Amino acid sequence: MALGPFEVATGTWHRAGARLVEGGVNFCCFSHTATRVELLLFEQADSQAPFQTVALDPRQHRTFFFWHLLVRDLPEGIFYGWRMDGSCDTQRTGCRHDPGKLLLDPWASTVSDRLWDRARACQPGDNVASAMRGQIVRDNYDWEGDEHPPIPLVDAIIYELHVGGFTRHPSARAEHPGSFRALIDKIPYLQELGITHVELLPIMAFDVQDAPPKTRELGLENYWGYSTHSFFAPHPGYAVDQSRARDEFRDMVKALHQAGIGVILDVVFNHTAEGGAAGPIMNFKGMDNEVFYHLGFENRAQYRDYTGCGNTVNCNHPLVTRYLIDSLYYWAHDMHVDGFRFDLASAMARGEDGEPQHHAPILWSIELSPELARAHIIAEAWDAAGLYQVGDFPGYRWAEWNGNYRDVIRSFVRGDPGIDEVATRIAGSSDLYQARGRRPGNSINFITCHDGFTLNDLVSYNEKRNHANGEDNRDGHNDNRSWNCGVEGPTDDPAIIALRQRQTMNFIAILMLSQGVPMILAGDEVLRTQRGNNNSYCQNNELSWFDWSQVEPNRRMLDFTRGLITLRRRHRNLRRRHFLTGEVERDHGLPDISWHGARLNRAAWGAADARLLAFTLTAHEDGEEHLHVIMNMNDKSALCELPQLAGRQWFRAVDTADQRPVLPPPEQPGISVARLMVVARSVMVFESRAT
């Protein structure tokens, strides 16, 4: 049945986007340089042409730089987009208006990419028949009393996962593989593992076609999702029904909350899917290119690229700041997420001149926003242009991915000498955070993440293997601080296999025994491999997917990871709110931490060949056990002393060299000797109990 034409009225400019109101749908968008604006309405997601085009009269439909109108009696379910004309003097003004391009509403909460052709959007002229478009969807979701899990960040154990890859492998046996719905079915696994939060790789709508030409020729795509185009819409590819993507995402959040698991979103505010000068016009470029992006100082046709992705969002322009803060508030308030991790967040610290700002407005706005006061905020505190700000984000709330922790612990476990900085990282990185009034919980500790080797590959490869990406192995990091344990890649040698398994356990043990907030990469607990690929951003296939058939063969590693998580959650002294001092605590008459070598109180500080470090951590609460940890990363076993505590006995909780590497308290053997042998490249943990 033919639709329209629908009558139009002035509308209002107070809220951007397309909103169902009394009498119809109010549309509003922003452009301060457009001279002609049209709204195009489509009946279906795959409609090649609009059923109605409305030209906006600037005398009636423009307020300040906002363009607005009301379409009377327009039903929900309709699709829409904008077209804008104006200056295209890219060199002088930076404007890139193209009247042939259908522009996606930046405020759209539901989008369709069914017809999308990125190559066509990169070329001049009409692309109405191959563009993305927004959809008008009524919001009447029932949260059924949903509440955020009341878990402080310092008590969190974060699990970084890819929504699509977590259930796309055939072994997942998912009814709808790679979807928000399918992830719900895996919640019991997450509960059993013991994590408190999932950190989801980008789920805001992104362009899967944004990949280098040679990569696309291989049939590959943008898998990770760091190519956002719509900051208010869930990715349609993760929905069973694209028109219900928003509610399917909410169903997942609600189910995770009911299981006591929080949701942190990986947010890409540093760049967009539109890329550089040769990239497509999708929305921001065609509306206000010179406002939204950092452009060249002399030649405004060029983009200043601090992200390595072709463009950089001009985050500290007042209008852009407002837009991005509104996006965060929407996800926190309307979508009930519990926090945000900001990709290449240092790019957000750059002012309009590109220089780092000590008091960047957007960072302080996020820190101080009362609407975001409940949300965890985590920065990847660097960008692709050399700005490295670990320990330097503003205020009190910002936590940071601690790249220093990752590098130091990787080096230590592979056998590099030196223990001084290892101790600093394990104790919460006070050198980075204490002087600015911050605490151990500001440090997000991790060994691996989506970007780089998996934990299994970290102990199996000395060199990256990225040839399958189509970039001649030039992509991905070269400095991985990995060690293959003597053979590059897969091996049948039982001694090397055993050493690799012990090394992976060493990493997990140290991570869970460190002050700060631990983050695990999904699949590391079952020794997932990417066969040496340390940049699987384009591999939407079994190379990247979670292979559920590996859970049982690697049950020992899974049980070990679960056991260390349980140990950490059992001990408040591993999750301290304040930095350790080495001073005697009144309650116990013992220092909060004591450092040792093979002999007590004789850590080899400053020794060029030191590879062994031990520490005793005093109980922090009544009824809690003291902990003693020995980390021997030498290639030889070492005879180590145990501290003797009056009226107490040590019980072995962890030994990564033992057949049963982690034991619950009822099964822990008591230790009655003053010295014991610690196997080469192993970690031991002891809990004390009254005798």
# chains A, B, ... in the order shown; residues from 1 in each chain; ligands from 1
call {"tool": "closest_atom_pairs", "arguments": {"of": "stretch 389-481 of chain A", "to": "stretch 367-382 of chain A", "cutoff": "12 Å", "atoms": "only C-alpha atoms", "output": "tab-separated table"}}
result
residue	atom	partner	partner_atom	distance
A:Gln389	CA	A:Ala381	CA	5.0
A:Val390	CA	A:Ala381	CA	5.2
A:Gly391	CA	A:Ala381	CA	8.1
A:Asp392	CA	A:Ala381	CA	8.1
A:Phe393	CA	A:Ala381	CA	7.5
A:Pro394	CA	A:Glu367	CA	7.7
A:Gly395	CA	A:Glu367	CA	6.6
A:Tyr396	CA	A:Glu367	CA	7.7
A:Arg397	CA	A:Glu367	CA	6.3
A:Trp398	CA	A:Ile377	CA	5.5
A:Ala399	CA	A:Ile378	CA	4.6
A:Glu400	CA	A:Ala379	CA	4.6
A:Trp401	CA	A:Glu380	CA	5.3
A:Asn402	CA	A:Ala381	CA	8.1
A:Gly403	CA	A:Ala381	CA	8.5
A:Asn404	CA	A:Ala381	CA	11.0
A:Gly441	CA	A:Ile378	CA	10.8
A:Asn442	CA	A:Ile378	CA	8.4
A:Ser443	CA	A:Ile378	CA	9.2
A:Ile444	CA	A:Ile378	CA	8.0
A:Asn445	CA	A:Ile378	CA	11.6
A:Phe446	CA	A:Glu380	CA	11.9
A:Cys449	CA	A:Glu380	CA	11.6
A:Asp451	CA	A:Glu380	CA	11.8
call {"tool": "select_by_dssp", "arguments": {"residues": "stretch 349-397 of chain A", "states": "strand (DSSP E)", "output": "list in words"}}
result
His376, Ile377, Ile378 and Ala379 of chain A
call {"tool": "write_last_selection", "arguments": {"atoms": "N, CA and C atoms", "output": "short mmCIF file (atom, residue, chain, number, x, y, z; two decimals), in the first residue's frame"}}
result
data_model
loop_
_atom_site.label_atom_id
_atom_site.label_comp_id
_atom_site.auth_asym_id
_atom_site.auth_seq_id
_atom_site.Cartn_x
_atom_site.Cartn_y
_atom_site.Cartn_z
N HIS A 376 31.27 3.08 35.71
CA HIS A 376 32.72 2.92 35.71
C HIS A 376 33.27 3.55 34.43
N ILE A 377 34.37 4.26 34.54
CA ILE A 377 34.97 4.89 33.36
C ILE A 377 36.43 4.47 33.28
N ILE A 378 36.80 3.89 32.14
CA ILE A 378 38.12 3.29 31.95
C ILE A 378 38.73 3.83 30.66
N ALA A 379 39.96 4.29 30.73
CA ALA A 379 40.64 4.85 29.56
C ALA A 379 41.71 3.90 29.04
#
call {"tool": "atom_distance", "arguments": {"atom1": "atom CA of A:Glu624", "atom2": "atom CA of A:His571"}}
result
6.7 Å
call {"tool": "residues_around", "arguments": {"residues": "stretch 25-38 of chain A", "least_positions_apart": "2", "cutoff": "6 Å", "atoms": "only C-alpha atoms", "output": "VMD selection string"}}
result
chain A and resid 11 13 16 to 21 54 to 56 65 to 71 82 to 86 287 to 288
call {"tool": "write_last_selection", "arguments": {"atoms": "C-alpha atoms", "output": "compact mmCIF listing (two decimals), in the first residue's frame"}}
result
# COMPACT_ATOMS: atom_id res chain seq x y z
CA GLY A 11 8.62 20.97 14.67
CA TRP A 13 14.81 21.87 17.84
CA ALA A 16 17.94 15.97 18.10
CA GLY A 17 17.03 12.76 16.31
CA ALA A 18 13.67 11.32 15.28
CA ARG A 19 11.17 11.16 18.14
CA LEU A 20 7.60 9.99 18.26
CA VAL A 21 5.55 12.83 19.77
CA VAL A 54 10.56 16.98 2.26
CA ALA A 55 12.60 20.11 1.58
CA LEU A 56 13.07 22.19 4.74
CA PHE A 65 22.09 25.66 13.38
CA PHE A 66 19.40 23.05 14.06
CA TRP A 67 17.11 21.90 11.25
CA HIS A 68 13.77 20.53 12.39
CA LEU A 69 10.27 19.57 11.28
CA LEU A 70 7.25 17.57 12.41
CA VAL A 71 5.82 14.95 10.03
CA TRP A 82 18.90 13.35 5.40
CA ARG A 83 20.43 15.10 2.40
CA MET A 84 22.32 18.37 2.69
CA ASP A 85 23.75 20.83 0.22
CA GLY A 86 26.13 23.70 0.78
CA MET A 287 26.63 17.56 7.94
CA ASP A 288 29.44 19.36 9.75
call {"tool": "residues_around", "arguments": {"residues": "stretch 463-477 of chain A", "least_positions_apart": "6", "cutoff": "6 Å", "atoms": "only C-alpha atoms", "output": "PyMOL selection string"}}
result
chain A and resi 214-215+532-535
call {"tool": "residues_around", "arguments": {"residues": "A:Glu355", "least_positions_apart": "2", "cutoff": "12 Å", "atoms": "only C-alpha atoms", "output": "PyMOL selection string"}}
result
chain A and resi 294+304+306+314+316+346-353+357-360+385-387
call {"tool": "residues_around", "arguments": {"residues": "A:Lys636", "least_positions_apart": "3", "cutoff": "12 Å", "atoms": "only C-alpha atoms", "output": "ChimeraX atom specification"}}
result
/A:415,611-612,632-633,639,677-682
call {"tool": "select_by_dssp", "arguments": {"residues": "stretch 88-248 of chain A", "states": "alpha helix (DSSP H)", "output": "VMD selection string"}}
result
chain A and resid 118 to 121 163 to 167 180 to 185 187 to 193 213 to 217 245 to 248
call {"tool": "write_last_selection", "arguments": {"atoms": "N, CA and C atoms", "output": "tab-separated table (two decimals), in the first residue's frame"}}
result
chain	number	residue	atom	x	y	z
A	118	ARG	N	29.86	0.67	0.91
A	118	ARG	CA	30.85	1.65	1.32
A	118	ARG	C	31.56	2.28	0.13
A	119	ALA	N	31.88	1.46	-0.86
A	119	ALA	CA	32.59	1.98	-2.03
A	119	ALA	C	31.77	3.06	-2.73
A	120	ARG	N	30.47	2.86	-2.83
A	120	ARG	CA	29.62	3.87	-3.48
A	120	ARG	C	29.60	5.16	-2.68
A	121	ALA	N	29.63	5.07	-1.37
A	121	ALA	CA	29.60	6.26	-0.53
A	121	ALA	C	30.91	7.03	-0.57
A	163	VAL	N	31.00	-9.87	21.27
A	163	VAL	CA	29.63	-10.39	21.26
A	163	VAL	C	29.44	-11.40	20.13
A	164	GLY	N	29.90	-11.06	18.93
A	164	GLY	CA	29.72	-11.97	17.81
A	164	GLY	C	30.55	-13.23	17.95
A	165	GLY	N	31.83	-13.06	18.26
A	165	GLY	CA	32.75	-14.19	18.29
A	165	GLY	C	32.53	-15.14	19.44
A	166	PHE	N	31.83	-14.71	20.47
A	166	PHE	CA	31.64	-15.56	21.64
A	166	PHE	C	30.70	-16.74	21.36
A	167	THR	N	29.80	-16.58	20.41
A	167	THR	CA	28.82	-17.65	20.15
A	167	THR	C	28.70	-18.01	18.67
A	180	PHE	N	23.17	-10.87	20.39
A	180	PHE	CA	22.91	-10.55	21.79
A	180	PHE	C	22.15	-11.68	22.47
A	181	ARG	N	21.19	-12.25	21.75
A	181	ARG	CA	20.38	-13.33	22.32
A	181	ARG	C	21.24	-14.54	22.66
A	182	ALA	N	22.18	-14.87	21.78
A	182	ALA	CA	23.00	-16.06	22.00
A	182	ALA	C	23.90	-15.89	23.22
A	183	LEU	N	24.34	-14.68	23.46
A	183	LEU	CA	25.20	-14.47	24.62
A	183	LEU	C	24.46	-14.78	25.91
A	184	ILE	N	23.16	-14.53	25.94
A	184	ILE	CA	22.37	-14.83	27.14
A	184	ILE	C	22.50	-16.30	27.52
A	185	ASP	N	22.55	-17.18	26.51
A	185	ASP	CA	22.63	-18.61	26.79
A	185	ASP	C	23.95	-19.00	27.45
A	187	ILE	N	25.48	-17.19	29.82
A	187	ILE	CA	25.63	-16.55	31.13
A	187	ILE	C	25.98	-17.56	32.23
A	188	PRO	N	25.41	-18.77	32.25
A	188	PRO	CA	25.83	-19.73	33.28
A	188	PRO	C	27.33	-20.01	33.26
A	189	TYR	N	27.93	-20.04	32.08
A	189	TYR	CA	29.38	-20.24	31.99
A	189	TYR	C	30.11	-19.08	32.65
A	190	LEU	N	29.66	-17.84	32.39
A	190	LEU	CA	30.29	-16.67	32.98
A	190	LEU	C	30.14	-16.68	34.49
A	191	GLN	N	28.97	-17.07	34.97
A	191	GLN	CA	28.76	-17.15	36.42
A	191	GLN	C	29.70	-18.18	37.04
A	192	GLU	N	29.81	-19.33	36.41
A	192	GLU	CA	30.66	-20.38	36.95
A	192	GLU	C	32.12	-19.95	36.96
A	193	LEU	N	32.53	-19.20	35.96
A	193	LEU	CA	33.91	-18.71	35.91
A	193	LEU	C	34.19	-17.75	37.06
A	213	PRO	N	41.82	-2.44	1.24
A	213	PRO	CA	41.40	-3.11	-0.01
A	213	PRO	C	41.86	-4.56	-0.12
A	214	LYS	N	43.14	-4.83	0.15
A	214	LYS	CA	43.62	-6.21	0.02
A	214	LYS	C	42.94	-7.13	1.02
A	215	THR	N	42.63	-6.59	2.17
A	215	THR	CA	41.93	-7.38	3.18
A	215	THR	C	40.52	-7.71	2.70
A	216	ARG	N	39.85	-6.73	2.12
A	216	ARG	CA	38.50	-6.97	1.59
A	216	ARG	C	38.52	-7.96	0.44
A	217	GLU	N	39.56	-7.92	-0.38
A	217	GLU	CA	39.67	-8.85	-1.50
A	217	GLU	C	39.74	-10.30	-1.03
A	245	ALA	N	16.89	-4.31	17.53
A	245	ALA	CA	18.26	-4.39	18.04
A	245	ALA	C	18.37	-3.76	19.42
A	246	ARG	N	17.70	-2.64	19.61
A	246	ARG	CA	17.79	-1.94	20.89
A	246	ARG	C	17.23	-2.81	22.02
A	247	ASP	N	16.08	-3.42	21.79
A	247	ASP	CA	15.47	-4.24	22.84
A	247	ASP	C	16.20	-5.57	23.03
A	248	GLU	N	16.76	-6.11	21.97
A	248	GLU	CA	17.53	-7.35	22.12
A	248	GLU	C	18.80	-7.08	22.94
call {"tool": "residues_around", "arguments": {"residues": "A:Gly589", "least_positions_apart": "5", "cutoff": "12 Å", "atoms": "only C-alpha atoms", "output": "PyMOL selection string"}}
result
chain A and resi 582-584+618-619+645-646
call {"tool": "write_last_selection", "arguments": {"atoms": "N, CA and C atoms", "output": "PDB file, in the first residue's frame"}}
result
ATOM      1  N   GLY A 582      54.130  -1.049  53.689  1.00  0.00           N
ATOM      2  CA  GLY A 582      55.207  -1.762  54.352  1.00  0.00           C
ATOM      3  C   GLY A 582      55.257  -1.494  55.841  1.00  0.00           C
ATOM      4  N   GLU A 583      54.324  -0.678  56.337  1.00  0.00           N
ATOM      5  CA  GLU A 583      54.291  -0.346  57.766  1.00  0.00           C
ATOM      6  C   GLU A 583      53.485  -1.379  58.537  1.00  0.00           C
ATOM      7  N   VAL A 584      53.786  -1.500  59.828  1.00  0.00           N
ATOM      8  CA  VAL A 584      53.113  -2.464  60.682  1.00  0.00           C
ATOM      9  C   VAL A 584      51.666  -2.048  60.888  1.00  0.00           C
ATOM     10  N   THR A 618      49.527  -9.229  54.530  1.00  0.00           N
ATOM     11  CA  THR A 618      48.816  -9.399  55.790  1.00  0.00           C
ATOM     12  C   THR A 618      47.316  -9.323  55.576  1.00  0.00           C
ATOM     13  N   ALA A 619      46.576 -10.101  56.367  1.00  0.00           N
ATOM     14  CA  ALA A 619      45.116 -10.089  56.310  1.00  0.00           C
ATOM     15  C   ALA A 619      44.590  -8.673  56.507  1.00  0.00           C
ATOM     16  N   LEU A 645      54.755 -17.711  61.576  1.00  0.00           N
ATOM     17  CA  LEU A 645      53.792 -16.860  62.269  1.00  0.00           C
ATOM     18  C   LEU A 645      53.301 -17.589  63.510  1.00  0.00           C
ATOM     19  N   ALA A 646      53.400 -16.938  64.642  1.00  0.00           N
ATOM     20  CA  ALA A 646      53.025 -17.558  65.911  1.00  0.00           C
ATOM     21  C   ALA A 646      51.559 -17.986  65.897  1.00  0.00           C
TER      22      ALA A 646
END
call {"tool": "atom_distance", "arguments": {"atom1": "atom CA of A:Met631", "atom2": "atom CA of A:Leu521"}}
result
22.5 Å
call {"tool": "closest_residue", "arguments": {"among": "A:Met282, A:Thr196, A:Phe269, A:Arg250", "to": "A:Leu102", "atoms": "only C-alpha atoms"}}
result
A:Met282
call {"tool": "closest_residue", "arguments": {"among": "A:Pro591, A:Gly276, A:Pro417, A:Pro152", "to": "A:Cys122", "atoms": "only C-alpha atoms"}}
result
A:Gly276
call {"tool": "closest_residue", "arguments": {"among": "A:Asn456, A:Asn311, A:Ser243, A:Ser112", "to": "A:Leu295", "atoms": "only C-alpha atoms"}}
result
A:Asn311
call {"tool": "decode", "arguments": {"residues": "stretch 379-410 of chain A", "atoms": "C-alpha atoms", "output": "PDB file, in the first residue's frame"}}
result
ATOM      1  CA  ALA A 379      40.642   4.855  29.560  1.00  0.00           C
ATOM      2  CA  GLU A 380      42.973   3.254  27.088  1.00  0.00           C
ATOM      3  CA  ALA A 381      45.351   6.022  28.038  1.00  0.00           C
ATOM      4  CA  TRP A 382      47.259   6.467  24.788  1.00  0.00           C
ATOM      5  CA  ASP A 383      46.663   7.270  21.119  1.00  0.00           C
ATOM      6  CA  ALA A 384      48.327   6.365  17.836  1.00  0.00           C
ATOM      7  CA  ALA A 385      50.346   9.582  17.580  1.00  0.00           C
ATOM      8  CA  GLY A 386      52.630   9.036  20.562  1.00  0.00           C
ATOM      9  CA  LEU A 387      50.549  10.509  23.400  1.00  0.00           C
ATOM     10  CA  TYR A 388      50.892   8.140  26.383  1.00  0.00           C
ATOM     11  CA  GLN A 389      49.017   9.159  29.528  1.00  0.00           C
ATOM     12  CA  VAL A 390      48.911   6.123  31.810  1.00  0.00           C
ATOM     13  CA  GLY A 391      48.633   7.582  35.310  1.00  0.00           C
ATOM     14  CA  ASP A 392      47.764  11.021  33.999  1.00  0.00           C
ATOM     15  CA  PHE A 393      44.004  11.035  33.443  1.00  0.00           C
ATOM     16  CA  PRO A 394      42.111  13.707  35.379  1.00  0.00           C
ATOM     17  CA  GLY A 395      40.182  13.498  38.596  1.00  0.00           C
ATOM     18  CA  TYR A 396      39.561  10.523  40.838  1.00  0.00           C
ATOM     19  CA  ARG A 397      37.193   8.227  38.926  1.00  0.00           C
ATOM     20  CA  TRP A 398      39.105   7.537  35.727  1.00  0.00           C
ATOM     21  CA  ALA A 399      40.657   4.074  35.700  1.00  0.00           C
ATOM     22  CA  GLU A 400      43.179   3.169  33.015  1.00  0.00           C
ATOM     23  CA  TRP A 401      44.340   0.143  31.097  1.00  0.00           C
ATOM     24  CA  ASN A 402      47.785  -0.194  32.642  1.00  0.00           C
ATOM     25  CA  GLY A 403      50.059  -0.902  29.690  1.00  0.00           C
ATOM     26  CA  ASN A 404      53.064  -0.689  32.012  1.00  0.00           C
ATOM     27  CA  TYR A 405      51.680  -3.588  34.053  1.00  0.00           C
ATOM     28  CA  ARG A 406      51.175  -5.703  30.911  1.00  0.00           C
ATOM     29  CA  ASP A 407      54.718  -5.127  29.647  1.00  0.00           C
ATOM     30  CA  VAL A 408      56.508  -5.611  32.968  1.00  0.00           C
ATOM     31  CA  ILE A 409      54.691  -8.828  33.911  1.00  0.00           C
ATOM     32  CA  ARG A 410      55.119 -10.272  30.422  1.00  0.00           C
TER      33      ARG A 410
END
